[in-house]
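Undergrad: One structure follows; several queries about it will come next.
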Amino acid sequence: MKAVVCKQYGPPESLVLEELPSPKPGAGEVVVAVKAASVNFPDVLIIQNKYQFKPPLPFSPGSELAGVVKEVGRGVSAFRPGDRVMAFTTYGAFAEEVKTEASRLLPLPAGMDFVTGAAFVLTYGTSDHALRDRAALKAGETLLVLGAAGGVGLAAIEIGKALGARVIACASSAEKLAVCREHGADDGIDYAAQDLRERIKALTDGRGVDVVYDAVGGPYTEPAFRSLAWRGRLLVVGFAAGEIPKLPLNLALLKGASVVGVFWGDFARREPGALAGSMRQLAAWYAEGRLRPHVSQTMSLERTADAIKLLASRQAKGKVVVTMGA
C-alpha cells in the first residue's frame with residue numbers, strides 16, 4: 001500500500017510517498033481501507049515537531065479519515081469487515097490503509113459520503129465539545145467566531161445556529177465572510193480591514209459577546225477577550241496564527257469572565273461516553289440538514305504536501321481532503 005511518510009521533521013515538502021507493507025491488526029485493533037482523509041491544523045504542526053503529541057519517526061501524518069473496515073483483530077466485536085466508518089487517528093491517515101484502535105472508529109452516518117465523513121469528526125467534534133460542553137452556549141446568546149472560514153470555524157457557526165445563538169463571524173476577507181454567511185452567520189467582521197473591537201461594539205450595541213470561539217490566537221485574542229460581556233467565556237481552541245497570546249487576567253476579574261481550554265483529543269480519549277453522545281447529536285443535526293461540511297478542495301494522495309501547504313497558508317475555506325482514488 002502507498003503512504004505519505006515523514007522521515008525527518010520539516011515543511012510539507014520534506015514528506016515522501018512510499019510503498020509499505022499492509023498493516024495487520026492486533027488485539028483490539030482494526031485495519032481500515034482509507035477512501036478519504038482530511039487535512040487539519042495539527043498535521044501542519046506534527047510534521048515540524050511542534051505538536052503536543054510527538055510520534056516516533058518515521059510516521060505518516062493525517063488525523064482524520066473515512067473508509068471501509070478491511071480486517072479486525074481479536075476481541076473486536078463492534079465492527080466487521082465491510083463496515084463504512086470514520087476514524088480519528090492523531091496520525092497515520094495519509095495512507096491507503098491504516099491500523100488503529102477500534103475505539104477510534106465511528107460508524108459513517110447514513111447518507112454521508114467518504115469525503116464528507118473525512119471532514120466531519122474532528123471539526124464538528126471539536127466545535128460541539130467547545131460550544132455545548134465547555135461554554136454551555138445558550139439560545140439567545142451571542143457567539144463570536146475567530147477564523148470563521150476554516151473548518152472548525154464553519155462548524156462552530158453551524159452548531160451555534162443549531163443552538164439558537166446569534167453568530168458573528170470574523171475572517172480576513174470579504175470572500176471568506178461570504179462563505180461564513182452561506183453557513184448561517186448573522187453578521188461578519190473583516191479583521192484585515194476593520195477594527196475588531198469597534199465592530200463588535202457596533203454589532204452588539206456596546207454590550208459585547210457572550211462566547212468567543214478562538215482557534216486563531218495571535219493579535220486577535222486580546223481585543224476579542226476585551227469585548228466579552230459580563231460572564232463571558234473565551235474558548236481557547238488553537239493558535240493558527242502561530243503566536244500564543246498573553247492575556248491581562250485582570251480583565252477576567254472585571255468581567256466575571258472565564259478562559260476555557262478546549263482539547264478535543266484528550267476529551268475523546270478520557271470521556272468516551274460523552275464523545276458518543278456528542279457524535280449522536282451531530283449525526284442527528286446532519287440528518288436534519290443543519291450541518292453541511294464545507295470541502296473547498298480535494299487532492300490525490302500524491303499531492304498531500306500541497307494540501308498541507310494550502311491549509312498552512314490559511315488560504316483554504318473549509319476543509320481540504322486527500323482522496324485515495326477509490
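Simple scheme: letters A, B, ... for chains in C-alpha cells order, numbers from 1 for residues in each chain, numbers from 1 for ligands in the order shown.
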Would you kindly return, as a PyMOL selection string, each protein, DNA or RNA residue with an atom no farther than 9 Å from any atom of segment 64-75 of chain A, considering only C-alpha atoms and excluding same-chain residues fewer than 5 positions away?

TA: chain A and resi 24-40+80-94+97+102+108+113-122

Undergrad: I'd like to know which residues of segment 43-284 of chain A are strand (DSSP E) (by DSSP, run on the backbone); could you write them as JSON, numbers by chain?

TA: {"A": [64, 65, 66, 67, 68, 69, 70, 71, 72, 84, 85, 86, 87, 88, 97, 98, 99, 100, 101, 105, 106, 107, 142, 143, 144, 145, 146, 166, 167, 168, 169, 170, 171, 187, 188, 189, 190, 209, 210, 211, 212, 213, 214, 228, 229, 230, 231, 232, 233, 234, 235, 236, 258, 259, 260, 261]}

Undergrad: What does the distance from atom CA of Gly150 of chain A to atom CA of Gln297 of chain A come to in Å, to one decimal?

TA: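 Between atom CA of Gly150 of chain A and atom CA of Gln297 of chain A the gap is 12.6 Å.
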
Undergrad: Which residues come within 9 Å of Gly125 of chain A, counting only C-alpha atoms, excluding same-chain residues fewer than 3 positions away, as a list of chain:residue names?

TA: A:Phe120, A:Val121, A:Leu122, A:Asp128, A:His129, A:Ala130, A:Val152, A:Ala155, A:Trp264, A:Ala268, A:Leu275, A:Ser278, A:Met279, A:Leu282

Undergrad: Within 12 Å of Thr221 of chain A, counting only C-alpha atoms, which residues show up once you throw out same-chain ones fewer than 6 positions away? Write them as a list of chain:residue names, please.

TA: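 Result of the neighbour search: A:Leu144, A:Val145, A:Leu146, A:Gly147, A:Cys170, A:Tyr191, A:Leu196, A:Arg197, A:Val212, A:Tyr213, A:Asp214, A:Ala215, A:Ser227, A:Leu228, A:Leu234, A:Leu235, A:Val236, A:Val237, A:Gly238, A:Phe239, A:Ala240, A:Ala241, A:Glu243, A:Ile244, A:Pro245, A:Lys246, A:Leu247, A:Pro248, A:Val259.
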
Undergrad: Just how far from atom CA of Met299 of chain A is atom CA of Lys176 of chain A, in Å to one decimal?

TA: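 Those two atoms sit 20.9 Å apart.
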
Undergrad: If DSSP is run on the backbone, what residues of segment 137-275 of chain A are helix (DSSP H, G or I)? A reply as a PDB file with C-alpha atoms, in the first residue's frame would be ideal.

TA:
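Writing the result to states_2.pdb gives the following:
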```
ATOM      1  CA  GLY A 151     -13.041  24.002   9.091  1.00  0.00           C
ATOM      2  CA  VAL A 152     -13.677  24.312  12.831  1.00  0.00           C
ATOM      3  CA  GLY A 153     -14.887  27.884  12.363  1.00  0.00           C
ATOM      4  CA  LEU A 154     -17.626  26.943   9.894  1.00  0.00           C
ATOM      5  CA  ALA A 155     -18.586  24.038  12.153  1.00  0.00           C
ATOM      6  CA  ALA A 156     -18.850  26.470  15.083  1.00  0.00           C
ATOM      7  CA  ILE A 157     -21.111  28.754  13.061  1.00  0.00           C
ATOM      8  CA  GLU A 158     -23.481  25.920  12.184  1.00  0.00           C
ATOM      9  CA  ILE A 159     -23.553  24.473  15.709  1.00  0.00           C
ATOM     10  CA  GLY A 160     -24.041  27.943  17.179  1.00  0.00           C
ATOM     11  CA  LYS A 161     -27.067  28.461  14.955  1.00  0.00           C
ATOM     12  CA  ALA A 162     -28.412  24.981  15.790  1.00  0.00           C
ATOM     13  CA  ALA A 174     -14.945  39.586   2.199  1.00  0.00           C
ATOM     14  CA  GLU A 175     -14.792  36.359   0.180  1.00  0.00           C
ATOM     15  CA  LYS A 176     -14.288  34.278   3.317  1.00  0.00           C
ATOM     16  CA  LEU A 177     -17.098  36.122   5.099  1.00  0.00           C
ATOM     17  CA  ALA A 178     -19.420  35.309   2.201  1.00  0.00           C
ATOM     18  CA  VAL A 179     -18.765  31.604   2.825  1.00  0.00           C
ATOM     19  CA  CYS A 180     -19.476  32.141   6.538  1.00  0.00           C
ATOM     20  CA  ARG A 181     -22.852  33.704   5.724  1.00  0.00           C
ATOM     21  CA  GLU A 182     -23.678  30.759   3.463  1.00  0.00           C
ATOM     22  CA  LEU A 196     -12.309  44.236  15.634  1.00  0.00           C
ATOM     23  CA  ARG A 197     -13.300  45.856  18.940  1.00  0.00           C
ATOM     24  CA  GLU A 198     -15.143  48.760  17.338  1.00  0.00           C
ATOM     25  CA  ARG A 199     -17.134  46.464  15.056  1.00  0.00           C
ATOM     26  CA  ILE A 200     -18.062  44.192  17.977  1.00  0.00           C
ATOM     27  CA  LYS A 201     -19.262  47.246  19.926  1.00  0.00           C
ATOM     28  CA  ALA A 202     -21.322  48.415  16.968  1.00  0.00           C
ATOM     29  CA  LEU A 203     -22.869  44.998  16.291  1.00  0.00           C
ATOM     30  CA  GLY A 218      -2.110  35.881  17.781  1.00  0.00           C
ATOM     31  CA  PRO A 219      -3.197  39.546  17.750  1.00  0.00           C
ATOM     32  CA  TYR A 220      -6.949  38.878  17.715  1.00  0.00           C
ATOM     33  CA  THR A 221      -7.347  37.138  21.069  1.00  0.00           C
ATOM     34  CA  GLU A 222      -6.942  40.119  23.384  1.00  0.00           C
ATOM     35  CA  PRO A 223      -9.329  42.512  21.585  1.00  0.00           C
ATOM     36  CA  ALA A 224     -11.897  39.705  21.439  1.00  0.00           C
ATOM     37  CA  PHE A 225     -11.351  38.966  25.147  1.00  0.00           C
ATOM     38  CA  ARG A 226     -11.823  42.666  25.936  1.00  0.00           C
ATOM     39  CA  ASN A 250      -7.486  41.496  35.442  1.00  0.00           C
ATOM     40  CA  LEU A 251      -9.971  41.568  32.564  1.00  0.00           C
ATOM     41  CA  ALA A 252     -11.302  38.165  33.604  1.00  0.00           C
ATOM     42  CA  LEU A 253     -11.841  39.538  37.108  1.00  0.00           C
ATOM     43  CA  LEU A 254     -13.553  42.736  35.963  1.00  0.00           C
ATOM     44  CA  LYS A 255     -15.904  40.928  33.576  1.00  0.00           C
ATOM     45  CA  TRP A 264     -10.907  17.584  21.945  1.00  0.00           C
ATOM     46  CA  GLY A 265      -8.318  14.836  21.530  1.00  0.00           C
ATOM     47  CA  ASP A 266      -7.965  14.233  25.260  1.00  0.00           C
ATOM     48  CA  PHE A 267     -11.708  14.680  25.773  1.00  0.00           C
ATOM     49  CA  ALA A 268     -12.321  11.892  23.226  1.00  0.00           C
ATOM     50  CA  ARG A 269      -9.812   9.636  24.993  1.00  0.00           C
ATOM     51  CA  ARG A 270     -10.859  10.349  28.569  1.00  0.00           C
ATOM     52  CA  PRO A 272     -15.835   8.035  25.583  1.00  0.00           C
ATOM     53  CA  GLY A 273     -19.407   8.176  26.847  1.00  0.00           C
ATOM     54  CA  ALA A 274     -19.591  11.936  26.385  1.00  0.00           C
ATOM     55  CA  LEU A 275     -17.943  11.593  22.973  1.00  0.00           C
TER      56      LEU A 275
END
```

Undergrad: I want to know what sits within 8 Å of Lys7 of chain A, based on only C-alpha atoms, with residues of the same chain fewer than 6 positions away left out; could you give that as JSON, numbers by chain?

TA: {"A": [14, 15, 16, 57, 58, 59]}

Undergrad: Those same residues - all heavy atoms - I'd like them written as a PDB file, in the first residue's frame.

TA:
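Output saved as out00.pdb:
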```
ATOM      1  N   SER A  14       9.112  18.098   2.677  1.00  0.00           N
ATOM      2  CA  SER A  14      10.008  17.021   3.117  1.00  0.00           C
ATOM      3  C   SER A  14       9.308  15.665   3.184  1.00  0.00           C
ATOM      4  O   SER A  14       9.959  14.635   3.383  1.00  0.00           O
ATOM      5  CB  SER A  14      10.601  17.363   4.490  1.00  0.00           C
ATOM      6  OG  SER A  14       9.573  17.452   5.472  1.00  0.00           O
ATOM      7  N   LEU A  15       7.987  15.637   3.020  1.00  0.00           N
ATOM      8  CA  LEU A  15       7.246  14.376   3.040  1.00  0.00           C
ATOM      9  C   LEU A  15       7.535  13.564   1.779  1.00  0.00           C
ATOM     10  O   LEU A  15       7.759  14.121   0.706  1.00  0.00           O
ATOM     11  CB  LEU A  15       5.742  14.647   3.143  1.00  0.00           C
ATOM     12  CG  LEU A  15       5.261  15.369   4.405  1.00  0.00           C
ATOM     13  CD1 LEU A  15       3.793  15.744   4.280  1.00  0.00           C
ATOM     14  CD2 LEU A  15       5.495  14.511   5.648  1.00  0.00           C
ATOM     15  N   VAL A  16       7.499  12.245   1.908  1.00  0.00           N
ATOM     16  CA  VAL A  16       7.757  11.381   0.755  1.00  0.00           C
ATOM     17  C   VAL A  16       6.625  10.359   0.640  1.00  0.00           C
ATOM     18  O   VAL A  16       5.990   9.981   1.628  1.00  0.00           O
ATOM     19  CB  VAL A  16       9.113  10.652   0.874  1.00  0.00           C
ATOM     20  CG1 VAL A  16      10.255  11.653   0.860  1.00  0.00           C
ATOM     21  CG2 VAL A  16       9.169   9.798   2.142  1.00  0.00           C
ATOM     22  N   LEU A  57       9.675   8.873  14.640  1.00  0.00           N
ATOM     23  CA  LEU A  57       9.976   8.823  13.206  1.00  0.00           C
ATOM     24  C   LEU A  57      10.336   7.394  12.809  1.00  0.00           C
ATOM     25  O   LEU A  57      10.941   6.660  13.592  1.00  0.00           O
ATOM     26  CB  LEU A  57      11.144   9.766  12.883  1.00  0.00           C
ATOM     27  CG  LEU A  57      10.895  11.259  13.075  1.00  0.00           C
ATOM     28  CD1 LEU A  57      12.217  12.017  12.987  1.00  0.00           C
ATOM     29  CD2 LEU A  57       9.919  11.797  12.041  1.00  0.00           C
ATOM     30  N   PRO A  58      10.005   6.995  11.564  1.00  0.00           N
ATOM     31  CA  PRO A  58       9.152   7.687  10.595  1.00  0.00           C
ATOM     32  C   PRO A  58       7.682   7.427  10.885  1.00  0.00           C
ATOM     33  O   PRO A  58       7.333   6.423  11.511  1.00  0.00           O
ATOM     34  CB  PRO A  58       9.570   7.038   9.275  1.00  0.00           C
ATOM     35  CG  PRO A  58       9.947   5.637   9.660  1.00  0.00           C
ATOM     36  CD  PRO A  58      10.565   5.730  11.027  1.00  0.00           C
ATOM     37  N   PHE A  59       6.813   8.299  10.419  1.00  0.00           N
ATOM     38  CA  PHE A  59       5.378   8.116  10.608  1.00  0.00           C
ATOM     39  C   PHE A  59       4.633   8.795   9.462  1.00  0.00           C
ATOM     40  O   PHE A  59       5.184   9.650   8.767  1.00  0.00           O
ATOM     41  CB  PHE A  59       4.920   8.700  11.945  1.00  0.00           C
ATOM     42  CG  PHE A  59       4.995  10.207  12.018  1.00  0.00           C
ATOM     43  CD1 PHE A  59       3.904  11.002  11.684  1.00  0.00           C
ATOM     44  CD2 PHE A  59       6.170  10.834  12.427  1.00  0.00           C
ATOM     45  CE1 PHE A  59       3.985  12.385  11.749  1.00  0.00           C
ATOM     46  CE2 PHE A  59       6.260  12.219  12.498  1.00  0.00           C
ATOM     47  CZ  PHE A  59       5.162  12.999  12.151  1.00  0.00           C
TER      48      PHE A  59
END
```

Undergrad: At a cut-off of 9 Å, using only C-alpha atoms, what residues contact Phe41 of chain A? Leave out same-chain residues fewer than 2 positions from it and give the result as a list in words.

TA: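 Those residues are Val39, Asp43, Val44, Leu45, Ile46, Gly238, Ala240, Ile308, Leu311 and Ala312 of chain A.
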
Undergrad: Arg166 of chain A: which residues within 7 Å, counting only C-alpha atoms, same-chain residues fewer than 3 positions away excluded, as a list of chain:residue names?

TA: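 Neighbouring residues, sequence-local ones excluded: A:Gly140, A:Glu141, A:Thr142, A:Leu143, A:Lys161, A:Asp186.
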
Undergrad: Using only C-alpha atoms for the distances, tell me which of A:Tyr9, A:Tyr124, A:Trp285, A:Phe263 is nearest to Lys54 of chain A.

TA: A:Tyr9
